[in-house]
>>> print(open('work.cif').read())   # mmCIF, C-alpha atoms and all ligand atoms
data_coords
#
loop_
_atom_site.label_atom_id
_atom_site.label_comp_id
_atom_site.auth_asym_id
_atom_site.auth_seq_id
_atom_site.Cartn_x
_atom_site.Cartn_y
_atom_site.Cartn_z
CA MET A 1 32.00 24.38 25.64
CA ILE A 2 35.69 24.09 24.93
CA ARG A 3 36.85 21.28 22.61
CA GLU A 4 40.44 20.11 22.65
CA THR A 5 42.46 17.16 21.39
CA LEU A 6 44.72 15.25 23.79
CA ASP A 7 47.22 12.37 23.38
CA ASN A 8 46.25 9.62 20.92
CA GLY A 9 43.61 11.86 19.36
CA ILE A 10 41.37 11.69 22.44
CA VAL A 11 38.94 14.59 22.28
CA ARG A 12 37.57 16.21 25.38
CA TYR A 13 34.95 18.88 25.92
CA ARG A 14 34.89 21.09 29.01
CA PHE A 15 32.57 23.62 30.60
CA GLU A 16 34.37 26.95 31.01
CA THR A 17 32.65 27.52 34.34
CA LEU A 18 34.26 24.41 35.83
CA ASP A 19 37.63 25.25 34.31
CA ARG A 20 37.65 28.50 36.21
CA GLU A 21 36.89 26.59 39.40
CA ASP A 22 39.80 24.22 39.12
CA VAL A 23 37.58 21.18 38.67
CA VAL A 24 39.30 18.65 36.42
CA HIS A 25 36.68 17.32 34.03
CA ALA A 26 36.44 15.68 30.64
CA ILE A 27 33.42 14.97 28.52
CA LEU A 28 35.04 12.42 26.24
CA THR A 29 33.89 11.43 22.79
CA ARG A 30 34.25 8.19 20.80
CA LEU A 31 37.55 9.41 19.30
CA GLY A 32 41.04 8.31 20.29
CA GLY A 33 40.61 4.65 21.25
CA VAL A 34 41.32 1.21 19.80
CA SER A 35 37.89 -0.46 19.69
CA GLN A 36 36.48 -1.48 16.32
CA GLY A 37 33.20 -1.85 14.49
CA PRO A 38 30.20 -0.36 16.32
CA PHE A 39 32.45 0.36 19.33
CA ALA A 40 34.94 2.49 17.38
CA THR A 41 36.93 3.74 18.95
CA LEU A 42 37.00 5.01 22.55
CA ASN A 43 34.38 2.72 24.05
CA LEU A 44 34.53 2.63 27.87
CA GLY A 45 31.62 0.21 28.36
CA HIS A 46 32.47 -3.29 29.60
CA THR A 47 29.01 -4.75 29.07
CA VAL A 48 28.21 -3.79 25.47
CA GLY A 49 29.87 -6.72 23.65
CA ASP A 50 33.21 -5.08 22.88
CA ASP A 51 36.59 -6.82 23.19
CA LEU A 52 37.55 -6.35 26.85
CA GLU A 53 41.26 -5.94 26.03
CA ALA A 54 40.34 -3.00 23.81
CA VAL A 55 38.17 -1.51 26.57
CA LYS A 56 41.08 -1.87 28.99
CA GLU A 57 43.45 -0.09 26.58
CA ASN A 58 40.87 2.67 26.09
CA HIS A 59 40.72 3.24 29.85
CA ARG A 60 44.53 3.27 30.03
CA ARG A 61 44.64 5.94 27.32
CA VAL A 62 41.98 8.08 28.99
CA PHE A 63 43.66 8.12 32.40
CA ALA A 64 47.08 8.72 30.82
CA ALA A 65 45.75 11.61 28.73
CA LEU A 66 44.08 13.19 31.76
CA GLY A 67 47.06 12.57 34.04
CA ILE A 68 44.88 10.78 36.61
CA PRO A 69 46.05 7.50 38.22
CA ARG A 70 43.61 4.73 37.38
CA ASP A 71 43.26 3.64 41.02
CA CYS A 72 41.98 7.11 41.95
CA ALA A 73 38.73 6.57 40.03
CA VAL A 74 35.35 5.37 41.21
CA SER A 75 32.57 4.32 38.83
CA PRO A 76 28.99 3.26 39.23
CA TYR A 77 27.38 0.18 37.75
CA GLN A 78 24.61 2.23 36.13
CA VAL A 79 21.12 0.73 36.26
CA HIS A 80 18.73 3.65 35.44
CA SER A 81 17.85 4.07 39.11
CA ALA A 82 17.44 7.09 41.38
CA ASN A 83 20.21 5.80 43.67
CA VAL A 84 22.82 8.41 44.52
CA ARG A 85 25.80 7.66 46.73
CA TRP A 86 28.33 9.75 48.64
CA VAL A 87 31.86 8.50 48.03
CA SER A 88 35.24 9.28 49.57
CA GLN A 89 38.84 8.08 49.53
CA ALA A 90 37.89 4.60 50.73
CA HIS A 91 35.96 4.06 47.48
CA ALA A 92 38.90 4.79 45.15
CA GLY A 93 39.37 2.01 42.61
CA THR A 94 35.91 0.51 43.17
CA VAL A 95 32.76 0.04 41.10
CA GLN A 96 29.68 1.07 43.09
CA PRO A 97 26.82 -1.37 42.51
CA ALA A 98 23.44 -0.25 41.21
CA THR A 99 23.81 3.49 41.36
CA ASP A 100 23.36 6.40 38.94
CA GLY A 101 24.79 9.28 40.91
CA LEU A 102 28.03 9.78 42.84
CA ILE A 103 28.93 12.79 44.95
CA THR A 104 32.24 13.53 46.64
CA GLY A 105 34.16 16.21 48.46
CA THR A 106 37.48 14.36 48.23
CA PRO A 107 40.16 16.07 46.12
CA GLY A 108 41.93 13.64 43.81
CA LEU A 109 39.04 11.16 43.69
CA ALA A 110 37.87 10.92 40.05
CA LEU A 111 34.28 10.06 39.16
CA LEU A 112 33.86 8.16 35.87
CA PHE A 113 30.48 7.57 34.23
CA ARG A 114 29.46 6.14 30.82
CA PHE A 115 26.86 7.38 28.34
CA ALA A 116 25.23 6.81 24.97
CA ASP A 117 22.17 9.15 24.76
CA CYS A 118 21.28 9.38 28.47
CA VAL A 119 21.87 12.77 30.06
CA PRO A 120 25.17 13.43 31.87
CA VAL A 121 24.68 15.94 34.69
CA LEU A 122 27.80 17.49 36.20
CA LEU A 123 27.23 19.15 39.58
CA PHE A 124 29.45 21.48 41.57
CA ASP A 125 29.11 23.31 44.87
CA ARG A 126 31.79 25.99 44.91
CA THR A 127 30.98 27.09 48.47
CA HIS A 128 31.53 23.65 49.97
CA ARG A 129 33.94 22.33 47.28
CA ALA A 130 32.04 19.20 46.30
CA ILE A 131 31.27 17.62 42.93
CA GLY A 132 28.75 15.12 41.61
CA LEU A 133 27.93 13.20 38.46
CA VAL A 134 24.53 11.86 37.47
CA HIS A 135 23.37 9.48 34.73
CA ALA A 136 19.80 10.42 33.81
CA GLY A 137 18.01 8.42 31.15
CA TRP A 138 14.24 8.63 30.89
CA ARG A 139 13.82 6.01 33.61
CA GLY A 140 16.17 7.78 35.99
CA ALA A 141 14.55 11.12 35.24
CA ALA A 142 11.11 9.62 35.86
CA LYS A 143 12.29 8.06 39.14
CA GLY A 144 13.76 11.34 40.38
CA VAL A 145 17.54 10.81 40.19
CA VAL A 146 18.09 14.56 39.71
CA ALA A 147 16.27 15.56 42.90
CA ALA A 148 17.97 12.67 44.73
CA ALA A 149 21.37 14.10 43.78
CA VAL A 150 20.45 17.57 45.06
CA LYS A 151 19.25 15.98 48.34
CA THR A 152 22.50 14.02 48.66
CA PHE A 153 24.48 17.26 48.36
CA ALA A 154 22.33 18.79 51.10
CA HIS A 155 22.66 15.75 53.37
CA TYR A 156 26.42 15.12 53.12
CA VAL A 157 27.83 18.50 52.16
CA GLY A 158 25.34 20.95 53.60
CA SER A 159 24.73 22.40 50.15
CA ARG A 160 21.81 24.69 49.62
CA PRO A 161 20.36 24.00 46.15
CA GLU A 162 21.15 27.58 45.12
CA ASP A 163 24.84 26.87 45.85
CA LEU A 164 24.86 24.29 43.06
CA TRP A 165 25.97 24.73 39.48
CA ALA A 166 24.86 22.08 36.96
CA GLY A 167 26.14 21.30 33.48
CA ILE A 168 24.10 19.14 31.12
CA GLY A 169 26.36 17.21 28.75
CA PRO A 170 25.73 15.75 25.29
CA ALA A 171 22.58 13.63 25.17
CA ILE A 172 19.87 12.66 22.72
CA GLY A 173 17.84 15.75 21.84
CA PRO A 174 14.19 16.39 20.99
CA CYS A 175 15.22 16.32 17.31
CA CYS A 176 15.89 12.55 17.53
CA TYR A 177 14.24 11.03 20.60
CA ARG A 178 10.91 9.63 19.46
CA VAL A 179 9.19 7.89 22.37
CA GLY A 180 5.93 6.16 23.24
CA SER A 181 3.30 8.16 25.06
CA ASP A 182 3.90 6.04 28.18
CA VAL A 183 7.52 7.20 28.36
CA ALA A 184 6.55 10.82 27.74
CA ARG A 185 3.92 10.62 30.51
CA ALA A 186 6.32 9.00 33.00
CA VAL A 187 8.89 11.79 32.54
CA ALA A 188 6.25 14.54 32.50
CA ARG A 189 4.90 13.32 35.86
CA ALA A 190 8.36 13.90 37.35
CA CYS A 191 8.66 17.43 35.92
CA PRO A 192 7.10 20.66 37.19
CA ASP A 193 3.62 21.44 35.92
CA GLY A 194 3.46 23.49 32.76
CA VAL A 195 6.90 22.58 31.46
CA GLN A 196 6.75 21.50 27.83
CA ILE A 197 9.00 18.47 27.42
CA THR A 198 7.58 16.94 24.26
CA GLN A 199 7.14 17.96 20.65
CA ARG A 200 4.94 16.38 18.00
CA LYS A 201 6.14 15.78 14.47
CA ASP A 202 5.65 13.09 11.81
CA ASP A 203 2.72 11.81 13.89
CA GLY A 204 5.17 10.97 16.67
CA VAL A 205 6.02 12.25 20.12
CA TYR A 206 9.57 13.50 20.63
CA LEU A 207 10.93 13.85 24.15
CA ASP A 208 13.23 16.69 25.19
CA LEU A 209 15.12 14.74 27.85
CA PRO A 210 17.85 17.36 28.44
CA GLY A 211 15.09 19.97 28.76
CA ALA A 212 13.24 17.78 31.26
CA VAL A 213 16.40 17.37 33.34
CA ARG A 214 16.98 21.12 33.24
CA ALA A 215 13.42 21.69 34.47
CA GLN A 216 13.96 19.18 37.28
CA LEU A 217 17.18 20.90 38.32
CA ALA A 218 15.43 24.26 38.35
CA ALA A 219 12.53 22.80 40.33
CA ALA A 220 14.99 21.43 42.87
CA GLY A 221 16.31 24.98 43.30
CA VAL A 222 19.66 24.59 41.53
CA GLY A 223 21.08 28.07 41.05
CA LYS A 224 22.61 27.82 37.60
CA VAL A 225 22.21 25.30 34.77
CA GLU A 226 24.29 25.25 31.60
CA MET A 227 23.41 23.14 28.57
CA SER A 228 25.89 21.64 26.11
CA GLY A 229 23.22 21.73 23.41
CA ILE A 230 24.81 18.74 21.68
CA CYS A 231 22.60 15.89 20.41
CA THR A 232 24.42 12.54 20.47
CA ALA A 233 22.13 10.98 17.84
CA CYS A 234 22.72 13.85 15.39
CA HIS A 235 26.49 13.49 15.74
CA THR A 236 27.47 9.83 15.75
CA GLU A 237 30.78 10.78 14.15
CA GLU A 238 31.75 12.05 17.58
CA TRP A 239 29.37 10.42 20.08
CA PHE A 240 27.96 6.97 20.75
CA SER A 241 24.18 6.95 20.37
CA HIS A 242 22.16 3.97 21.54
CA ARG A 243 19.14 5.11 19.54
CA ALA A 244 20.83 6.22 16.32
CA GLU A 245 22.95 3.06 16.22
CA ARG A 246 20.08 0.74 17.09
CA GLY A 247 21.46 -0.47 20.39
CA ARG A 248 24.77 -1.75 19.05
CA THR A 249 27.27 0.87 20.12
CA GLY A 250 29.79 1.82 22.79
CA ARG A 251 29.79 4.23 25.72
CA PHE A 252 31.69 7.50 25.99
CA GLY A 253 33.04 8.62 29.33
CA VAL A 254 32.56 11.64 31.54
CA VAL A 255 35.20 12.22 34.21
CA MET A 256 35.12 14.75 37.04
CA MET A 257 37.62 15.37 39.86
CA LEU A 258 38.35 18.04 42.44
CA ARG A 259 41.94 19.12 42.18
ZN ZN B 1 19.33 15.01 17.21
#
>>> encode(input="work.cif", output="structure tokens", more="lines below")
Ligand SMILES: [Zn+2]
Amino acid sequence: MIRETLDNGIVRYRFETLDREDVVHAILTRLGGVSQGPFATLNLGHTVGDDLEAVKENHRRVFAALGIPRDCAVSPYQVHSANVRWVSQAHAGTVQPATDGLITGTPGLALLFRFADCVPVLLFDRTHRAIGLVHAGWRGAAKGVVAAAVKTFAHYVGSRPEDLWAGIGPAIGPCCYRVGSDVARAVARACPDGVQITQRKDDGVYLDLPGAVRAQLAAAGVGKVEMSGICTACHTEEWFSHRAERGRTGRFGVVMMLR
């Protein structure tokens, strides 16, 4: 991934593959905003206990740095579901209730999602010129949000799964994500047989959530999957991590838009 610093010290990461395809995208970090304390500094979450004026200023800075008008963005109210929605120009400037995936073929419509450990999945169909973003925590992965996104591409865009490229952004890794056996079982049930998604150490079970999502993408037939390989919990100097910061933290943004 490419790392660069924008106005106000905002840092963005990009996948080279998407750059070549003229897809505007930004995997933001926690750097470059005005929030304080556990939300320092570029928190984009409205529901985490941060000062809402600070959150507003952070959004202003992000859209200014990316050169995207604020009213061209659509966001989901993320609820760890398998709900995926097709959006178009009519949805610009809205928050979509109870959804964890948005797909669009509209140039100039920006998708904005928020994360702190859950897996960001960026999707792109270069044949049909459509993009999608998915928020996959363990609940979403267990409920099948990844397969639901691939189906939504097929339904609205006509995408064949092999037309799709997927990028897996920074998320909590198997190094840090200790889970109960119930969680591990729930995710394993939603993964292809034989895929190893857990590791044992220190008498605990550690879940490889990005690996599980990759396996689900492959099982759904997605042609190419790239991994960021970044663990949010290992790198709280740059990322918000719900687990590493014991639930009191902000949310970093991921933005995607067809030019
Ligand atoms: Zn880690």
>>> residues_near_ligand(input="work.cif", ligand="ligand ZN 1 (chain B)", cutoff="12 Å", atoms="only C-alpha atoms and all ligand atoms", output="PyMOL selection string")
chain A and resi 117+170-178+206-210+229-236+239+241+243-244
>>> axis_aligned_box(input="work.cif", around="stretch 70-89 of chain A", padding_each_side="3 Å", output="lines of an AutoDock Vina configuration file")
center_x = 30.5
center_y = 5.0
center_z = 42.5
size_x = 32.2
size_y = 15.6
size_z = 20.1
>>> atom_distance(input="work.cif", atom1="atom CA of A:Gly49", atom2="atom CA of A:Gly9")
23.5 Å
>>> closest_residue(input="work.cif", among="A:Leu122, A:Val183, A:Val157, A:Ala82", to="A:Val23", atoms="all atoms listed in the file")
A:Leu122
>>> closest_residue(input="work.cif", among="A:Leu102, A:Arg30, A:Gly204, A:Gly37", to="A:Gly253", atoms="all atoms listed in the file")
A:Arg30
>>> atom_distance(input="work.cif", atom1="atom CA of A:Arg251", atom2="atom CA of A:Arg114")
5.5 Å
>>> atom_distance(input="work.cif", atom1="atom CA of A:Cys191", atom2="atom CA of A:Gln216")
5.7 Å
>>> closest_atom_pairs(input="work.cif", of="stretch 23-81 of chain A", to="stretch 142-156 of chain A", cutoff="12 Å", atoms="only C-alpha atoms", output="CSV")
residue,atom,partner,partner_atom,distance
A:Gln78,CA,A:Val145,CA,11.8
A:Val79,CA,A:Val145,CA,11.4
A:His80,CA,A:Lys143,CA,8.6
A:Ser81,CA,A:Val145,CA,6.8
>>> closest_residue(input="work.cif", among="A:Leu42, A:Ala218, A:Val24, A:Ala116", to="A:Gly247", atoms="only C-alpha atoms")
A:Ala116
>>> decode(input="work.cif", residues="stretch 136-185 of chain A", atoms="N, CA and C atoms", output="PDB file, in the first residue's frame")
ATOM      1  N   ALA A 136     -16.966  -5.569   7.885  1.00  0.00           N
ATOM      2  CA  ALA A 136     -17.114  -6.961   8.317  1.00  0.00           C
ATOM      3  C   ALA A 136     -16.422  -7.190   9.655  1.00  0.00           C
ATOM      4  N   GLY A 137     -17.182  -7.114  10.716  1.00  0.00           N
ATOM      5  CA  GLY A 137     -16.706  -7.581  12.017  1.00  0.00           C
ATOM      6  C   GLY A 137     -16.999  -9.066  12.123  1.00  0.00           C
ATOM      7  N   TRP A 138     -16.775  -9.667  13.285  1.00  0.00           N
ATOM      8  CA  TRP A 138     -17.017 -11.113  13.357  1.00  0.00           C
ATOM      9  C   TRP A 138     -18.493 -11.437  13.168  1.00  0.00           C
ATOM     10  N   ARG A 139     -19.360 -10.540  13.651  1.00  0.00           N
ATOM     11  CA  ARG A 139     -20.797 -10.814  13.491  1.00  0.00           C
ATOM     12  C   ARG A 139     -21.210 -10.742  12.029  1.00  0.00           C
ATOM     13  N   GLY A 140     -20.740  -9.697  11.349  1.00  0.00           N
ATOM     14  CA  GLY A 140     -21.061  -9.559   9.928  1.00  0.00           C
ATOM     15  C   GLY A 140     -20.496 -10.714   9.117  1.00  0.00           C
ATOM     16  N   ALA A 141     -19.253 -11.097   9.443  1.00  0.00           N
ATOM     17  CA  ALA A 141     -18.634 -12.217   8.731  1.00  0.00           C
ATOM     18  C   ALA A 141     -19.424 -13.506   8.971  1.00  0.00           C
ATOM     19  N   ALA A 142     -19.870 -13.690  10.205  1.00  0.00           N
ATOM     20  CA  ALA A 142     -20.640 -14.898  10.536  1.00  0.00           C
ATOM     21  C   ALA A 142     -22.003 -14.889   9.843  1.00  0.00           C
ATOM     22  N   LYS A 143     -22.571 -13.688   9.670  1.00  0.00           N
ATOM     23  CA  LYS A 143     -23.900 -13.582   9.038  1.00  0.00           C
ATOM     24  C   LYS A 143     -23.828 -13.614   7.516  1.00  0.00           C
ATOM     25  N   GLY A 144     -22.623 -13.453   6.962  1.00  0.00           N
ATOM     26  CA  GLY A 144     -22.485 -13.570   5.509  1.00  0.00           C
ATOM     27  C   GLY A 144     -22.512 -12.255   4.745  1.00  0.00           C
ATOM     28  N   VAL A 145     -22.004 -11.179   5.361  1.00  0.00           N
ATOM     29  CA  VAL A 145     -22.038  -9.874   4.675  1.00  0.00           C
ATOM     30  C   VAL A 145     -21.160  -9.872   3.423  1.00  0.00           C
ATOM     31  N   VAL A 146     -20.104 -10.671   3.424  1.00  0.00           N
ATOM     32  CA  VAL A 146     -19.190 -10.705   2.275  1.00  0.00           C
ATOM     33  C   VAL A 146     -19.899 -11.314   1.058  1.00  0.00           C
ATOM     34  N   ALA A 147     -20.526 -12.453   1.254  1.00  0.00           N
ATOM     35  CA  ALA A 147     -21.253 -13.101   0.148  1.00  0.00           C
ATOM     36  C   ALA A 147     -22.427 -12.228  -0.295  1.00  0.00           C
ATOM     37  N   ALA A 148     -23.054 -11.538   0.654  1.00  0.00           N
ATOM     38  CA  ALA A 148     -24.183 -10.658   0.312  1.00  0.00           C
ATOM     39  C   ALA A 148     -23.718  -9.527  -0.605  1.00  0.00           C
ATOM     40  N   ALA A 149     -22.511  -9.023  -0.372  1.00  0.00           N
ATOM     41  CA  ALA A 149     -21.986  -7.947  -1.213  1.00  0.00           C
ATOM     42  C   ALA A 149     -21.731  -8.452  -2.632  1.00  0.00           C
ATOM     43  N   VAL A 150     -21.157  -9.638  -2.743  1.00  0.00           N
ATOM     44  CA  VAL A 150     -20.887 -10.213  -4.069  1.00  0.00           C
ATOM     45  C   VAL A 150     -22.207 -10.424  -4.822  1.00  0.00           C
ATOM     46  N   LYS A 151     -23.244 -10.885  -4.102  1.00  0.00           N
ATOM     47  CA  LYS A 151     -24.568 -11.083  -4.719  1.00  0.00           C
ATOM     48  C   LYS A 151     -25.174  -9.759  -5.166  1.00  0.00           C
ATOM     49  N   THR A 152     -24.945  -8.710  -4.379  1.00  0.00           N
ATOM     50  CA  THR A 152     -25.502  -7.399  -4.733  1.00  0.00           C
ATOM     51  C   THR A 152     -24.850  -6.876  -6.011  1.00  0.00           C
ATOM     52  N   PHE A 153     -23.551  -7.098  -6.157  1.00  0.00           N
ATOM     53  CA  PHE A 153     -22.878  -6.736  -7.405  1.00  0.00           C
ATOM     54  C   PHE A 153     -23.510  -7.501  -8.586  1.00  0.00           C
ATOM     55  N   ALA A 154     -23.743  -8.773  -8.391  1.00  0.00           N
ATOM     56  CA  ALA A 154     -24.319  -9.582  -9.474  1.00  0.00           C
ATOM     57  C   ALA A 154     -25.710  -9.081  -9.829  1.00  0.00           C
ATOM     58  N   HIS A 155     -26.501  -8.774  -8.817  1.00  0.00           N
ATOM     59  CA  HIS A 155     -27.902  -8.392  -9.026  1.00  0.00           C
ATOM     60  C   HIS A 155     -28.033  -7.043  -9.723  1.00  0.00           C
ATOM     61  N   TYR A 156     -27.296  -6.035  -9.234  1.00  0.00           N
ATOM     62  CA  TYR A 156     -27.493  -4.670  -9.741  1.00  0.00           C
ATOM     63  C   TYR A 156     -26.555  -4.295 -10.885  1.00  0.00           C
ATOM     64  N   VAL A 157     -25.385  -4.926 -10.923  1.00  0.00           N
ATOM     65  CA  VAL A 157     -24.363  -4.521 -11.880  1.00  0.00           C
ATOM     66  C   VAL A 157     -24.180  -5.565 -12.978  1.00  0.00           C
ATOM     67  N   GLY A 158     -24.583  -6.794 -12.670  1.00  0.00           N
ATOM     68  CA  GLY A 158     -24.309  -7.876 -13.612  1.00  0.00           C
ATOM     69  C   GLY A 158     -22.912  -8.436 -13.464  1.00  0.00           C
ATOM     70  N   SER A 159     -22.264  -8.135 -12.343  1.00  0.00           N
ATOM     71  CA  SER A 159     -20.891  -8.608 -12.128  1.00  0.00           C
ATOM     72  C   SER A 159     -20.850 -10.121 -12.002  1.00  0.00           C
ATOM     73  N   ARG A 160     -19.877 -10.721 -12.661  1.00  0.00           N
ATOM     74  CA  ARG A 160     -19.529 -12.094 -12.313  1.00  0.00           C
ATOM     75  C   ARG A 160     -18.521 -11.993 -11.178  1.00  0.00           C
ATOM     76  N   PRO A 161     -18.542 -12.914 -10.213  1.00  0.00           N
ATOM     77  CA  PRO A 161     -17.606 -12.801  -9.084  1.00  0.00           C
ATOM     78  C   PRO A 161     -16.160 -12.657  -9.537  1.00  0.00           C
ATOM     79  N   GLU A 162     -15.814 -13.346 -10.645  1.00  0.00           N
ATOM     80  CA  GLU A 162     -14.417 -13.286 -11.101  1.00  0.00           C
ATOM     81  C   GLU A 162     -14.050 -11.922 -11.673  1.00  0.00           C
ATOM     82  N   ASP A 163     -15.065 -11.074 -11.930  1.00  0.00           N
ATOM     83  CA  ASP A 163     -14.788  -9.698 -12.373  1.00  0.00           C
ATOM     84  C   ASP A 163     -14.326  -8.823 -11.205  1.00  0.00           C
ATOM     85  N   LEU A 164     -14.550  -9.284  -9.986  1.00  0.00           N
ATOM     86  CA  LEU A 164     -14.337  -8.428  -8.821  1.00  0.00           C
ATOM     87  C   LEU A 164     -12.909  -8.488  -8.306  1.00  0.00           C
ATOM     88  N   TRP A 165     -12.436  -7.322  -7.912  1.00  0.00           N
ATOM     89  CA  TRP A 165     -11.185  -7.178  -7.164  1.00  0.00           C
ATOM     90  C   TRP A 165     -11.588  -6.780  -5.733  1.00  0.00           C
ATOM     91  N   ALA A 166     -10.899  -7.319  -4.741  1.00  0.00           N
ATOM     92  CA  ALA A 166     -11.178  -6.949  -3.356  1.00  0.00           C
ATOM     93  C   ALA A 166      -9.892  -6.564  -2.636  1.00  0.00           C
ATOM     94  N   GLY A 167      -9.968  -5.512  -1.847  1.00  0.00           N
ATOM     95  CA  GLY A 167      -8.851  -5.106  -1.002  1.00  0.00           C
ATOM     96  C   GLY A 167      -9.291  -5.162   0.458  1.00  0.00           C
ATOM     97  N   ILE A 168      -8.495  -5.821   1.268  1.00  0.00           N
ATOM     98  CA  ILE A 168      -8.800  -5.936   2.700  1.00  0.00           C
ATOM     99  C   ILE A 168      -7.931  -4.934   3.452  1.00  0.00           C
ATOM    100  N   GLY A 169      -8.580  -3.958   4.086  1.00  0.00           N
ATOM    101  CA  GLY A 169      -7.870  -2.881   4.760  1.00  0.00           C
ATOM    102  C   GLY A 169      -7.399  -3.258   6.158  1.00  0.00           C
ATOM    103  N   PRO A 170      -6.823  -2.298   6.872  1.00  0.00           N
ATOM    104  CA  PRO A 170      -6.314  -2.547   8.219  1.00  0.00           C
ATOM    105  C   PRO A 170      -7.418  -3.017   9.169  1.00  0.00           C
ATOM    106  N   ALA A 171      -7.139  -4.061   9.914  1.00  0.00           N
ATOM    107  CA  ALA A 171      -8.116  -4.656  10.826  1.00  0.00           C
ATOM    108  C   ALA A 171      -7.344  -5.408  11.906  1.00  0.00           C
ATOM    109  N   ILE A 172      -8.046  -5.806  12.954  1.00  0.00           N
ATOM    110  CA  ILE A 172      -7.354  -6.536  14.016  1.00  0.00           C
ATOM    111  C   ILE A 172      -6.893  -7.902  13.491  1.00  0.00           C
ATOM    112  N   GLY A 173      -5.651  -8.236  13.757  1.00  0.00           N
ATOM    113  CA  GLY A 173      -5.062  -9.459  13.211  1.00  0.00           C
ATOM    114  C   GLY A 173      -5.074 -10.612  14.198  1.00  0.00           C
ATOM    115  N   PRO A 174      -4.664 -11.786  13.739  1.00  0.00           N
ATOM    116  CA  PRO A 174      -4.629 -12.970  14.597  1.00  0.00           C
ATOM    117  C   PRO A 174      -3.616 -12.841  15.734  1.00  0.00           C
ATOM    118  N   CYS A 175      -2.715 -11.865  15.626  1.00  0.00           N
ATOM    119  CA  CYS A 175      -1.748 -11.597  16.689  1.00  0.00           C
ATOM    120  C   CYS A 175      -2.442 -11.054  17.945  1.00  0.00           C
ATOM    121  N   CYS A 176      -3.581 -10.386  17.775  1.00  0.00           N
ATOM    122  CA  CYS A 176      -4.202  -9.608  18.856  1.00  0.00           C
ATOM    123  C   CYS A 176      -5.654  -9.960  19.158  1.00  0.00           C
ATOM    124  N   TYR A 177      -6.304 -10.746  18.313  1.00  0.00           N
ATOM    125  CA  TYR A 177      -7.755 -10.897  18.450  1.00  0.00           C
ATOM    126  C   TYR A 177      -8.131 -12.191  19.173  1.00  0.00           C
ATOM    127  N   ARG A 178      -7.967 -12.168  20.480  1.00  0.00           N
ATOM    128  CA  ARG A 178      -8.366 -13.321  21.286  1.00  0.00           C
ATOM    129  C   ARG A 178      -9.890 -13.341  21.411  1.00  0.00           C
ATOM    130  N   VAL A 179     -10.483 -14.477  21.144  1.00  0.00           N
ATOM    131  CA  VAL A 179     -11.946 -14.581  21.159  1.00  0.00           C
ATOM    132  C   VAL A 179     -12.390 -15.821  21.935  1.00  0.00           C
ATOM    133  N   GLY A 180     -13.666 -15.845  22.289  1.00  0.00           N
ATOM    134  CA  GLY A 180     -14.256 -17.034  22.891  1.00  0.00           C
ATOM    135  C   GLY A 180     -14.483 -18.086  21.817  1.00  0.00           C
ATOM    136  N   SER A 181     -14.625 -19.326  22.251  1.00  0.00           N
ATOM    137  CA  SER A 181     -14.791 -20.400  21.263  1.00  0.00           C
ATOM    138  C   SER A 181     -16.109 -20.258  20.511  1.00  0.00           C
ATOM    139  N   ASP A 182     -17.112 -19.601  21.132  1.00  0.00           N
ATOM    140  CA  ASP A 182     -18.386 -19.399  20.454  1.00  0.00           C
ATOM    141  C   ASP A 182     -18.215 -18.486  19.231  1.00  0.00           C
ATOM    142  N   VAL A 183     -17.417 -17.438  19.410  1.00  0.00           N
ATOM    143  CA  VAL A 183     -17.164 -16.507  18.299  1.00  0.00           C
ATOM    144  C   VAL A 183     -16.391 -17.227  17.194  1.00  0.00           C
ATOM    145  N   ALA A 184     -15.360 -17.952  17.581  1.00  0.00           N
ATOM    146  CA  ALA A 184     -14.552 -18.674  16.597  1.00  0.00           C
ATOM    147  C   ALA A 184     -15.431 -19.662  15.813  1.00  0.00           C
ATOM    148  N   ARG A 185     -16.322 -20.350  16.512  1.00  0.00           N
ATOM    149  CA  ARG A 185     -17.205 -21.323  15.837  1.00  0.00           C
ATOM    150  C   ARG A 185     -18.162 -20.636  14.869  1.00  0.00           C
TER     151      ARG A 185
END
